[in-house]
file work-v6.pdb (PDB, C-alpha atoms)
ATOM      1  CA  MET A   1     128.362-244.837  82.830
ATOM      2  CA  VAL A   2     127.223-241.444  81.647
ATOM      3  CA  LEU A   3     124.009-241.046  79.693
ATOM      4  CA  ALA A   4     123.518-237.924  77.630
ATOM      5  CA  GLY A   5     120.785-236.738  75.372
ATOM      6  CA  CYS A   6     120.093-233.855  73.087
ATOM      7  CA  ARG A   7     116.983-231.733  73.043
ATOM      8  CA  GLY A   8     115.876-228.523  71.461
ATOM      9  CA  ALA A   9     116.287-225.081  72.958
ATOM     10  CA  PRO A  10     113.796-224.440  75.763
ATOM     11  CA  ASP A  11     110.865-222.185  75.146
ATOM     12  CA  ASP A  12     111.426-218.599  76.195
ATOM     13  CA  PRO A  13     109.891-218.200  79.670
ATOM     14  CA  GLU A  14     107.120-215.698  80.219
ATOM     15  CA  PRO A  15     108.535-212.457  81.616
ATOM     16  CA  ALA A  16     107.851-212.120  85.348
ATOM     17  CA  PRO A  17     105.238-209.478  86.139
ATOM     18  CA  ALA A  18     106.680-206.258  87.483
ATOM     19  CA  PRO A  19     106.076-205.816  91.224
ATOM     20  CA  PRO A  20     103.439-203.199  92.030
ATOM     21  CA  ALA A  21     104.778-199.783  92.825
ATOM     22  CA  ILE A  22     104.552-199.259  96.577
ATOM     23  CA  ALA A  23     105.006-195.751  97.844
ATOM     24  CA  PRO A  24     107.525-195.497 100.655
ATOM     25  CA  ILE A  25     105.928-195.206 104.077
ATOM     26  CA  GLY A  26     105.114-191.594 104.693
ATOM     27  CA  ALA A  27     105.911-190.423 101.180
ATOM     28  CA  GLY A  28     103.752-187.361 100.668
ATOM     29  CA  THR A  29     101.928-187.830 103.967
ATOM     30  CA  ILE A  30     102.656-187.336 107.659
ATOM     31  CA  ASP A  31     101.438-189.514 110.526
ATOM     32  CA  VAL A  32     100.515-187.650 113.708
ATOM     33  CA  MET A  33     100.816-189.588 116.969
ATOM     34  CA  VAL A  34      99.818-188.570 120.501
ATOM     35  CA  ASN A  35     101.344-190.667 123.287
ATOM     36  CA  GLY A  36     101.992-193.442 120.792
ATOM     37  CA  GLN A  37      98.473-193.507 119.324
ATOM     38  CA  LYS A  38      97.997-192.498 115.692
ATOM     39  CA  LEU A  39      95.320-189.806 115.560
ATOM     40  CA  ALA A  40      95.693-188.406 112.058
ATOM     41  CA  VAL A  41      97.376-188.859 108.688
ATOM     42  CA  LEU A  42      97.958-185.572 106.885
ATOM     43  CA  SER A  43      97.373-185.876 103.139
ATOM     44  CA  ARG A  44      99.283-184.225 100.313
ATOM     45  CA  SER A  45      96.545-181.648  99.812
ATOM     46  CA  GLN A  46      96.511-180.775 103.515
ATOM     47  CA  LEU A  47     100.271-180.388 103.564
ATOM     48  CA  ARG A  48     100.223-178.164 100.494
ATOM     49  CA  ALA A  49      97.788-175.869 102.290
ATOM     50  CA  GLY A  50      99.590-176.095 105.642
ATOM     51  CA  VAL A  51      98.091-177.409 108.887
ATOM     52  CA  ARG A  52      98.423-175.944 112.362
ATOM     53  CA  LEU A  53      99.162-178.931 114.542
ATOM     54  CA  ASP A  54      97.662-177.364 117.677
ATOM     55  CA  GLU A  55      94.350-176.801 115.839
ATOM     56  CA  LEU A  56      94.433-180.349 114.465
ATOM     57  CA  LEU A  57      94.407-181.711 118.049
ATOM     58  CA  PRO A  58      91.774-179.604 119.845
ATOM     59  CA  ASN A  59      91.221-182.271 122.515
ATOM     60  CA  HIS A  60      94.887-182.050 123.516
ATOM     61  CA  PRO A  61      95.589-178.390 124.395
ATOM     62  CA  TYR A  62      98.951-177.146 123.166
ATOM     63  CA  ILE A  63      99.889-175.858 126.616
ATOM     64  CA  THR A  64      99.830-179.450 127.939
ATOM     65  CA  TRP A  65     102.390-180.782 125.438
ATOM     66  CA  SER A  66     105.630-181.727 127.150
ATOM     67  CA  ALA A  67     107.377-182.489 123.853
ATOM     68  CA  VAL A  68     106.872-182.619 120.112
ATOM     69  CA  SER A  69     109.260-184.660 118.012
ATOM     70  CA  ALA A  70     109.589-185.439 114.323
ATOM     71  CA  TYR A  71     111.084-188.312 112.357
ATOM     72  CA  GLY A  72     112.022-188.822 108.754
ATOM     73  CA  PRO A  73     114.012-191.151 106.503
ATOM     74  CA  GLY A  74     116.944-188.789 106.544
ATOM     75  CA  GLY A  75     117.359-188.282 110.265
ATOM     76  CA  GLY A  76     115.831-187.624 113.584
ATOM     77  CA  PRO A  77     114.334-187.721 115.975
ATOM     78  CA  PHE A  78     114.207-183.947 116.220
ATOM     79  CA  GLU A  79     112.567-182.656 119.383
ATOM     80  CA  TRP A  80     111.291-179.520 121.080
ATOM     81  CA  LEU A  81     110.598-179.693 124.808
ATOM     82  CA  ASP A  82     107.697-177.751 126.341
ATOM     83  CA  PRO A  83     107.153-175.945 123.032
ATOM     84  CA  ALA A  84     104.305-173.702 124.238
ATOM     85  CA  THR A  85     106.521-172.148 126.919
ATOM     86  CA  SER A  86     109.983-172.575 125.420
ATOM     87  CA  PHE A  87     108.833-170.886 122.197
ATOM     88  CA  ALA A  88     106.119-168.598 123.528
ATOM     89  CA  GLY A  89     104.084-166.823 120.866
ATOM     90  CA  LYS A  90     104.770-169.461 118.201
ATOM     91  CA  VAL A  91     102.602-172.336 116.987
ATOM     92  CA  PRO A  92     103.452-175.617 115.224
ATOM     93  CA  LEU A  93     102.773-175.618 111.484
ATOM     94  CA  VAL A  94     103.082-178.685 109.237
ATOM     95  CA  PHE A  95     103.476-178.199 105.480
ATOM     96  CA  ALA A  96     104.871-179.701 102.299
ATOM     97  CA  ASP A  97     108.368-178.909 101.119
ATOM     98  CA  GLY A  98     109.034-180.788  97.915
ATOM     99  CA  ASP A  99     108.327-184.503  98.277
ATOM    100  CA  ARG A 100     108.550-184.430 102.034
ATOM    101  CA  GLY A 101     106.942-182.635 104.918
ATOM    102  CA  ALA A 102     108.284-180.046 107.294
ATOM    103  CA  LEU A 103     107.382-178.941 110.808
ATOM    104  CA  ALA A 104     108.082-175.402 111.951
ATOM    105  CA  LEU A 105     107.244-173.087 114.820
ATOM    106  CA  VAL A 106     105.857-169.888 113.352
ATOM    107  CA  ASP A 107     104.268-166.643 114.425
ATOM    108  CA  PRO A 108     100.514-167.237 113.957
ATOM    109  CA  SER A 109     100.114-163.749 112.489
ATOM    110  CA  HIS A 110     102.655-164.688 109.778
ATOM    111  CA  ALA A 111     101.707-168.331 109.270
ATOM    112  CA  GLY A 112     102.723-168.167 105.624
ATOM    113  CA  GLU A 113     106.354-167.594 106.552
ATOM    114  CA  ARG A 114     108.369-170.782 106.145
ATOM    115  CA  GLY A 115     111.967-169.644 106.490
ATOM    116  CA  VAL A 116     112.147-169.755 110.271
ATOM    117  CA  PRO A 117     114.998-171.126 112.400
ATOM    118  CA  GLU A 118     112.763-173.502 114.387
ATOM    119  CA  ARG A 119     112.116-175.982 111.602
ATOM    120  CA  PHE A 120     112.516-179.736 110.937
ATOM    121  CA  ASP A 121     112.645-180.884 107.289
ATOM    122  CA  GLY A 122     112.172-184.201 105.496
ATOM    123  CA  ILE A 123     109.789-185.730 108.013
ATOM    124  CA  ASP A 124     106.983-188.259 107.795
ATOM    125  CA  GLU A 125     106.051-188.749 111.472
ATOM    126  CA  ILE A 126     105.238-186.327 114.271
ATOM    127  CA  HIS A 127     104.944-187.469 117.892
ATOM    128  CA  VAL A 128     103.292-185.344 120.577
ATOM    129  CA  THR A 129     103.906-186.285 124.211
ATOM    130  CA  ILE A 130     101.397-185.251 126.869
ATOM    131  CA  PRO A 131     102.011-186.295 130.482
ATOM    132  CA  LYS A 132      99.213-188.297 132.002
ATOM    133  CA  ALA A 133      97.279-186.408 134.638
ATOM    134  CA  ARG A 134      98.070-187.235 138.232
ATOM    135  CA  ARG A 135      95.403-189.265 139.967
ATOM    136  CA  THR A 136      93.510-187.905 142.926
ATOM    137  CA  PRO A 137      93.740-190.007 146.108
ATOM    138  CA  LEU A 138      90.352-191.588 145.433
ATOM    139  CA  GLU A 139      91.205-192.232 141.767
ATOM    140  CA  SER A 140      94.438-193.878 142.888
ATOM    141  CA  LEU A 141      92.538-196.089 145.310
ATOM    142  CA  ALA A 142      90.196-197.125 142.508
ATOM    143  CA  HIS A 143      93.269-198.545 140.729
ATOM    144  CA  GLY A 144      94.495-200.450 143.766
ATOM    145  CA  CYS A 145      97.057-197.746 144.642
ATOM    146  CA  ALA A 146      99.086-198.762 141.578
ATOM    147  CA  PRO A 147     101.096-195.961 139.912
ATOM    148  CA  LEU A 148     100.299-194.891 136.362
ATOM    149  CA  PRO A 149     102.034-197.262 133.930
ATOM    150  CA  LYS A 150     104.905-195.885 131.879
ATOM    151  CA  GLY A 151     104.407-195.265 128.176
ATOM    152  CA  GLU A 152     101.810-197.541 126.596
ATOM    153  CA  LEU A 153     102.178-200.395 129.080
ATOM    154  CA  PRO A 154      98.868-201.833 130.279
ATOM    155  CA  GLU A 155      97.749-201.191 133.829
ATOM    156  CA  PRO A 156      98.643-203.972 136.263
ATOM    157  CA  ALA A 157      95.852-206.128 137.620
ATOM    158  CA  VAL A 158      94.439-204.894 140.922
ATOM    159  CA  ALA A 159      95.156-207.194 143.846
ATOM    160  CA  LYS A 160      92.143-208.907 145.444
ATOM    161  CA  ARG A 161      93.832-209.789 148.727
ATOM    162  CA  TRP A 162      95.435-207.266 151.082
ATOM    163  CA  ARG A 163      97.096-207.587 154.475
ATOM    164  CA  ALA A 164      96.993-204.920 157.153
ATOM    165  CA  TYR A 165      99.115-204.361 160.233
ATOM    166  CA  SER A 166      97.513-201.935 162.662
ATOM    167  CA  TYR A 167      97.632-200.737 166.242
ATOM    168  CA  GLN A 168      94.511-200.222 168.346
ATOM    169  CA  PHE A 169      95.791-197.707 170.832
ATOM    170  CA  ASN A 170      92.850-197.532 173.266
ATOM    171  CA  ILE A 171      93.291-201.149 174.521
ATOM    172  CA  PRO A 172      96.216-201.468 173.412
ATOM    173  CA  VAL A 173      96.596-204.335 170.916
ATOM    174  CA  HIS A 174      98.174-204.981 167.515
ATOM    175  CA  TRP A 175      96.141-206.578 164.725
ATOM    176  CA  ARG A 176      97.015-208.523 161.598
ATOM    177  CA  SER A 177      94.070-208.318 159.208
ATOM    178  CA  ASP A 178      93.466-210.120 155.917
ATOM    179  CA  PHE A 179      91.172-208.240 153.543
ATOM    180  CA  ALA A 180      89.426-209.605 150.449
ATOM    181  CA  LEU A 181      88.419-206.476 148.528
ATOM    182  CA  ASP A 182      86.480-205.878 145.331
ATOM    183  CA  PHE A 183      88.162-202.662 144.225
ATOM    184  CA  GLU A 184      85.752-202.148 141.342
ATOM    185  CA  GLY A 185      82.914-202.180 143.831
ATOM    186  CA  LEU A 186      84.886-200.060 146.275
ATOM    187  CA  ALA A 187      85.510-197.494 143.542
ATOM    188  CA  SER A 188      82.233-197.311 141.682
ATOM    189  CA  GLN A 189      79.383-199.094 143.465
ATOM    190  CA  PRO A 190      76.833-197.135 145.508
ATOM    191  CA  VAL A 191      76.640-196.830 149.266
ATOM    192  CA  GLY A 192      75.387-200.062 150.800
ATOM    193  CA  THR A 193      77.234-202.373 148.386
ATOM    194  CA  ARG A 194      79.090-205.295 149.978
ATOM    195  CA  ILE A 195      82.687-204.950 148.792
ATOM    196  CA  GLY A 196      84.565-207.623 150.709
ATOM    197  CA  THR A 197      85.478-209.241 154.007
ATOM    198  CA  VAL A 198      88.114-208.910 156.706
ATOM    199  CA  THR A 199      89.563-211.433 159.150
ATOM    200  CA  ALA A 200      91.449-209.682 161.962
ATOM    201  CA  SER A 201      93.723-211.560 164.373
ATOM    202  CA  ALA A 202      95.025-210.049 167.607
ATOM    203  CA  VAL A 203      98.795-210.361 168.073
ATOM    204  CA  GLU A 204      99.024-210.155 171.867
ATOM    205  CA  TRP A 205      96.280-212.736 172.619
ATOM    206  CA  GLU A 206      94.040-215.244 170.876
ATOM    207  CA  GLN A 207      91.178-213.334 169.336
ATOM    208  CA  VAL A 208      89.863-213.493 165.775
ATOM    209  CA  CYS A 209      87.176-211.184 164.372
ATOM    210  CA  ARG A 210      85.460-211.726 161.025
ATOM    211  CA  ALA A 211      83.344-209.057 159.345
ATOM    212  CA  ASP A 212      81.614-208.192 156.076
ATOM    213  CA  LEU A 213      82.500-204.815 154.578
ATOM    214  CA  TYR A 214      79.927-202.421 153.101
ATOM    215  CA  ARG A 215      80.455-199.071 151.429
ATOM    216  CA  ILE A 216      79.246-196.005 153.283
ATOM    217  CA  ALA A 217      79.570-192.322 152.405
ATOM    218  CA  ASP A 218      83.156-191.071 152.026
ATOM    219  CA  ARG A 219      84.599-189.103 154.934
ATOM    220  CA  ASN A 220      87.683-186.933 155.319
ATOM    221  CA  GLY A 221      88.439-187.323 151.584
ATOM    222  CA  ARG A 222      88.831-191.089 152.083
ATOM    223  CA  ARG A 223      86.919-194.108 150.810
ATOM    224  CA  THR A 224      84.916-195.434 153.768
ATOM    225  CA  VAL A 225      83.364-198.779 154.701
ATOM    226  CA  VAL A 226      81.666-200.257 157.735
ATOM    227  CA  GLY A 227      82.597-203.705 159.009
ATOM    228  CA  ARG A 228      79.626-205.696 160.310
ATOM    229  CA  VAL A 229      80.850-208.491 162.590
ATOM    230  CA  ARG A 230      79.932-212.044 161.552
ATOM    231  CA  SER A 231      81.822-213.932 164.259
ATOM    232  CA  GLY A 232      84.301-213.420 167.060
ATOM    233  CA  GLU A 233      83.947-213.086 170.814
ATOM    234  CA  GLY A 234      84.318-209.497 172.029
ATOM    235  CA  CYS A 235      84.348-208.090 168.460
ATOM    236  CA  VAL A 236      82.438-204.933 167.526
ATOM    237  CA  ASP A 237      81.407-203.209 164.304
ATOM    238  CA  ALA A 238      83.894-200.653 162.992
ATOM    239  CA  ILE A 239      84.035-197.812 160.492
ATOM    240  CA  MET A 240      87.188-197.925 158.348
ATOM    241  CA  GLU A 241      88.652-195.252 156.070
ATOM    242  CA  PHE A 242      91.107-196.087 153.271
ATOM    243  CA  ALA A 243      93.546-193.804 151.418
ATOM    244  CA  CYS A 244      96.505-194.595 149.195
ATOM    245  CA  ASP A 245     100.044-193.896 150.335
ATOM    246  CA  GLY A 246     102.197-194.811 147.359
ATOM    247  CA  THR A 247     101.498-198.459 146.491
ATOM    248  CA  THR A 248     100.088-199.216 149.950
ATOM    249  CA  MET A 249      97.031-197.922 151.797
ATOM    250  CA  ASN A 250      96.567-196.269 155.136
ATOM    251  CA  LEU A 251      93.763-197.443 157.384
ATOM    252  CA  TRP A 252      91.889-195.476 160.055
ATOM    253  CA  ALA A 253      89.317-197.278 162.217
ATOM    254  CA  TYR A 254      86.557-195.992 164.512
ATOM    255  CA  TYR A 255      83.949-197.620 166.717
ATOM    256  CA  ALA A 256      80.730-197.722 164.699
ATOM    257  CA  SER A 257      78.698-197.236 167.877
ATOM    258  CA  ASN A 258      80.070-193.819 168.901
ATOM    259  CA  GLY A 259      82.587-192.760 166.214
ATOM    260  CA  GLN A 260      85.617-192.909 168.566
ATOM    261  CA  TYR A 261      88.936-193.061 166.664
ATOM    262  CA  VAL A 262      90.819-196.101 168.002
ATOM    263  CA  GLU A 263      93.090-197.645 165.361
ATOM    264  CA  HIS A 264      95.573-196.870 162.578
ATOM    265  CA  GLY A 265      97.579-199.083 160.236
ATOM    266  CA  THR A 266      98.831-199.786 156.732
ATOM    267  CA  ILE A 267      97.552-202.231 154.126
ATOM    268  CA  ALA A 268      99.618-203.766 151.325
ATOM    269  CA  PRO A 269      98.600-206.082 148.474
ATOM    270  CA  VAL A 270      99.257-209.820 148.755
ATOM    271  CA  ARG A 271     100.494-211.036 145.368
TER     272      ARG A 271
END
call {"tool": "encode", "arguments": {"input": "work-v6.pdb", "output": "structure tokens"}}
result
Amino acid sequence: MVLAGCRGAPDDPEPAPAPPAIAPIGAGTIDVMVNGQKLAVLSRSQLRAGVRLDELLPNHPYITWSAVSAYGPGGGPFEWLDPATSFAGKVPLVFADGDRGALALVDPSHAGERGVPERFDGIDEIHVTIPKARRTPLESLAHGCAPLPKGELPEPAVAKRWRAYSYQFNIPVHWRSDFALDFEGLASQPVGTRIGTVTASAVEWEQVCRADLYRIADRNGRRTVVGRVRSGEGCVDAIMEFACDGTTMNLWAYYASNGQYVEHGTIAPVR
């Protein structure tokens, strides 16, 4: 059975409101990024006047830039490598060209000249790449001998436990040592701070030495601690120097009593 009915024409629906006008990303402006971090947004008025990019970023000297690249809706990325040396005597200028921006390398004495061959048009993003500075040996040790992370990746957590294999050549004997190290304390706390412990086991015979580690003044360009023995028959206090070698550390040990150099080894993190 089919039921049908008749009814009047429906009321005319209210017209849907027009969506708000949203300017395309970058339309009339240019984002400036340094190593992935947005540091500036150039406005229409700035672009009309023209902006020297090297003067916009005074904390990032132009000579340190390894690359400058530009992006836009019509293409890219466009890139110049080592611009300060590859295009010596020219500086990066950003300016408006119609509805979009342009980036050019110009002679600073003729900054008003726009018709140059080194020019990218129709852009709305500029990326400057600056290599991260190499760490000194002590700076590297402060980060647990971990290499600088690539790009914007976070730094890896610093290991708390380390294992050393060393050779004491005046006896002679090999040692396997387990270190518990507070690298923040090792890096930044003053002389006298307790920064960890070590348990050293002799390989050739049964002997175990346990010691507390305290920071003392750096020597030979290395971070230095003294190990004060807590337990262990025949164990003596030792001065130990640490320095990074890639992602591991080297260890040099001396008798605390007379400064005699007696031991060398390597230390690696225990994950």
call {"tool": "atom_distance", "arguments": {"input": "work-v6.pdb", "atom1": "atom CA of A:Asp31", "atom2": "atom CA of A:Tyr62"}}
result
17.9 Å
call {"tool": "atom_distance", "arguments": {"input": "work-v6.pdb", "atom1": "atom CA of A:Ser166", "atom2": "atom CA of A:Arg134"}}
result
28.5 Å
call {"tool": "resolve_selection", "arguments": {"input": "work-v6.pdb", "expression": "the PyMOL selection byres ((chain A and resi 112) around 12)", "output": "NGL selection string"}}
result
:A and (48-52 or 93-95 or 104-111 or 113-116)
call {"tool": "resolve_selection", "arguments": {"input": "work-v6.pdb", "expression": "the PyMOL selection byres ((chain A and resi 97) around 10)", "output": "list of chain:residue names"}}
result
A:Gly28, A:Leu47, A:Arg48, A:Val94, A:Phe95, A:Ala96, A:Gly98, A:Asp99, A:Arg100, A:Gly101, A:Ala102, A:Leu103, A:Arg114, A:Asp121, A:Gly122, A:Ile123
call {"tool": "atom_distance", "arguments": {"input": "work-v6.pdb", "atom1": "atom CA of A:Val203", "atom2": "atom CA of A:Met249"}}
result
20.6 Å
call {"tool": "resolve_selection", "arguments": {"input": "work-v6.pdb", "expression": "the PyMOL selection byres ((chain A and resi 252) around 8)", "output": "PyMOL selection string"}}
result
chain A and resi 240-242+250-251+253-254+261+263-265
call {"tool": "write_last_selection", "arguments": {"input": "work-v6.pdb", "atoms": "C-alpha atoms", "output": "compact mmCIF listing (two decimals), in the coordinates of the input"}}
result
# COMPACT_ATOMS: atom_id res chain seq x y z
CA MET A 240 87.19 -197.92 158.35
CA GLU A 241 88.65 -195.25 156.07
CA PHE A 242 91.11 -196.09 153.27
CA ASN A 250 96.57 -196.27 155.14
CA LEU A 251 93.76 -197.44 157.38
CA ALA A 253 89.32 -197.28 162.22
CA TYR A 254 86.56 -195.99 164.51
CA TYR A 261 88.94 -193.06 166.66
CA GLU A 263 93.09 -197.64 165.36
CA HIS A 264 95.57 -196.87 162.58
CA GLY A 265 97.58 -199.08 160.24
call {"tool": "residues_near_point", "arguments": {"input": "work-v6.pdb", "point": "(115.6, -186.9, 111.7)", "cutoff": "10 Å", "atoms": "only C-alpha atoms", "output": "count of residues only"}}
result
17
call {"tool": "axis_aligned_box", "arguments": {"input": "work-v6.pdb", "around": "stretch 185-196 of chain A", "padding_each_side": "8 Å", "output": "lines of an AutoDock Vina configuration file"}}
result
center_x = 80.4
center_y = -202.2
center_z = 146.2
size_x = 26.1
size_y = 26.8
size_z = 25.1
call {"tool": "closest_residue", "arguments": {"input": "work-v6.pdb", "among": "A:Arg230, A:Lys160, A:Lys90, A:Arg215", "to": "A:His143", "atoms": "all atoms listed in the file"}}
result
A:Lys160
call {"tool": "residues_around", "arguments": {"input": "work-v6.pdb", "residues": "A:Ala159", "least_positions_apart": "5", "cutoff": "7 Å", "atoms": "all atoms listed in the file", "output": "mmCIF file with C-alpha atoms, in the frame of the given file"}}
result
data_model
loop_
_atom_site.group_PDB
_atom_site.id
_atom_site.type_symbol
_atom_site.label_atom_id
_atom_site.label_comp_id
_atom_site.auth_asym_id
_atom_site.auth_seq_id
_atom_site.Cartn_x
_atom_site.Cartn_y
_atom_site.Cartn_z
ATOM 1 C CA GLY A 144 94.495 -200.450 143.766
ATOM 2 C CA PRO A 269 98.600 -206.082 148.474
ATOM 3 C CA VAL A 270 99.257 -209.820 148.755
ATOM 4 C CA ARG A 271 100.494 -211.036 145.368
#
call {"tool": "residues_near_point", "arguments": {"input": "work-v6.pdb", "point": "(83.6, -206.0, 154.1)", "cutoff": "12 Å", "atoms": "only C-alpha atoms", "output": "PyMOL selection string"}}
result
chain A and resi 177-183+185-186+192-200+210-216+224-230+237-240
call {"tool": "closest_residue", "arguments": {"input": "work-v6.pdb", "among": "A:Ala142, A:Pro92, A:Lys38, A:Ile126", "to": "A:Leu53", "atoms": "only C-alpha atoms"}}
result
A:Pro92
call {"tool": "residues_around", "arguments": {"input": "work-v6.pdb", "residues": "A:His60", "least_positions_apart": "2", "cutoff": "12 Å", "atoms": "only C-alpha atoms", "output": "PyMOL selection string"}}
result
chain A and resi 33-35+39+53-58+62-66+128-132
call {"tool": "closest_residue", "arguments": {"input": "work-v6.pdb", "among": "A:Pro147, A:Gly89, A:Pro172, A:Pro154", "to": "A:Cys244", "atoms": "all atoms listed in the file"}}
result
A:Pro147
call {"tool": "closest_residue", "arguments": {"input": "work-v6.pdb", "among": "A:Ala146, A:Leu138, A:Cys235, A:Val208", "to": "A:Ala187", "atoms": "only C-alpha atoms"}}
result
A:Leu138
call {"tool": "build_atoms", "arguments": {"input": "work-v6.pdb", "residues": "stretch 174-187 of chain A", "atoms": "N, CA, C and O atoms", "output": "PDB file, in the coordinates of the input"}}
result
ATOM      1  N   HIS A 174      97.833-204.984 168.936  1.00  0.00           N
ATOM      2  CA  HIS A 174      98.174-204.981 167.515  1.00  0.00           C
ATOM      3  C   HIS A 174      97.302-206.006 166.789  1.00  0.00           C
ATOM      4  O   HIS A 174      96.976-207.064 167.348  1.00  0.00           O
ATOM      5  N   TRP A 175      96.965-205.688 165.531  1.00  0.00           N
ATOM      6  CA  TRP A 175      96.141-206.578 164.725  1.00  0.00           C
ATOM      7  C   TRP A 175      96.833-206.893 163.402  1.00  0.00           C
ATOM      8  O   TRP A 175      97.484-206.030 162.804  1.00  0.00           O
ATOM      9  N   ARG A 176      96.668-208.133 162.969  1.00  0.00           N
ATOM     10  CA  ARG A 176      97.015-208.523 161.598  1.00  0.00           C
ATOM     11  C   ARG A 176      95.710-208.899 160.917  1.00  0.00           C
ATOM     12  O   ARG A 176      95.017-209.822 161.367  1.00  0.00           O
ATOM     13  N   SER A 177      95.387-208.162 159.843  1.00  0.00           N
ATOM     14  CA  SER A 177      94.070-208.318 159.208  1.00  0.00           C
ATOM     15  C   SER A 177      94.234-208.695 157.752  1.00  0.00           C
ATOM     16  O   SER A 177      95.027-208.085 157.020  1.00  0.00           O
ATOM     17  N   ASP A 178      93.478-209.695 157.322  1.00  0.00           N
ATOM     18  CA  ASP A 178      93.466-210.120 155.917  1.00  0.00           C
ATOM     19  C   ASP A 178      92.168-209.653 155.274  1.00  0.00           C
ATOM     20  O   ASP A 178      91.072-210.061 155.702  1.00  0.00           O
ATOM     21  N   PHE A 179      92.319-208.801 154.257  1.00  0.00           N
ATOM     22  CA  PHE A 179      91.172-208.240 153.543  1.00  0.00           C
ATOM     23  C   PHE A 179      91.012-208.927 152.190  1.00  0.00           C
ATOM     24  O   PHE A 179      92.007-209.163 151.475  1.00  0.00           O
ATOM     25  N   ALA A 180      89.786-209.235 151.819  1.00  0.00           N
ATOM     26  CA  ALA A 180      89.426-209.605 150.449  1.00  0.00           C
ATOM     27  C   ALA A 180      88.553-208.464 149.933  1.00  0.00           C
ATOM     28  O   ALA A 180      87.441-208.256 150.437  1.00  0.00           O
ATOM     29  N   LEU A 181      89.081-207.713 148.947  1.00  0.00           N
ATOM     30  CA  LEU A 181      88.419-206.476 148.528  1.00  0.00           C
ATOM     31  C   LEU A 181      88.095-206.512 147.043  1.00  0.00           C
ATOM     32  O   LEU A 181      88.918-206.909 146.219  1.00  0.00           O
ATOM     33  N   ASP A 182      86.887-206.095 146.715  1.00  0.00           N
ATOM     34  CA  ASP A 182      86.480-205.878 145.331  1.00  0.00           C
ATOM     35  C   ASP A 182      86.701-204.389 145.035  1.00  0.00           C
ATOM     36  O   ASP A 182      85.859-203.553 145.383  1.00  0.00           O
ATOM     37  N   PHE A 183      87.839-204.074 144.418  1.00  0.00           N
ATOM     38  CA  PHE A 183      88.162-202.662 144.225  1.00  0.00           C
ATOM     39  C   PHE A 183      87.238-201.994 143.226  1.00  0.00           C
ATOM     40  O   PHE A 183      87.011-200.790 143.305  1.00  0.00           O
ATOM     41  N   GLU A 184      86.715-202.754 142.274  1.00  0.00           N
ATOM     42  CA  GLU A 184      85.752-202.148 141.342  1.00  0.00           C
ATOM     43  C   GLU A 184      84.509-201.703 142.106  1.00  0.00           C
ATOM     44  O   GLU A 184      83.995-200.605 141.902  1.00  0.00           O
ATOM     45  N   GLY A 185      84.052-202.561 143.009  1.00  0.00           N
ATOM     46  CA  GLY A 185      82.914-202.180 143.831  1.00  0.00           C
ATOM     47  C   GLY A 185      83.256-201.051 144.782  1.00  0.00           C
ATOM     48  O   GLY A 185      82.464-200.126 144.981  1.00  0.00           O
ATOM     49  N   LEU A 186      84.454-201.110 145.358  1.00  0.00           N
ATOM     50  CA  LEU A 186      84.886-200.060 146.275  1.00  0.00           C
ATOM     51  C   LEU A 186      84.960-198.712 145.568  1.00  0.00           C
ATOM     52  O   LEU A 186      84.669-197.669 146.149  1.00  0.00           O
ATOM     53  N   ALA A 187      85.328-198.742 144.286  1.00  0.00           N
ATOM     54  CA  ALA A 187      85.510-197.494 143.542  1.00  0.00           C
ATOM     55  C   ALA A 187      84.221-196.940 142.975  1.00  0.00           C
ATOM     56  O   ALA A 187      84.014-195.731 142.966  1.00  0.00           O
TER      57      ALA A 187
END
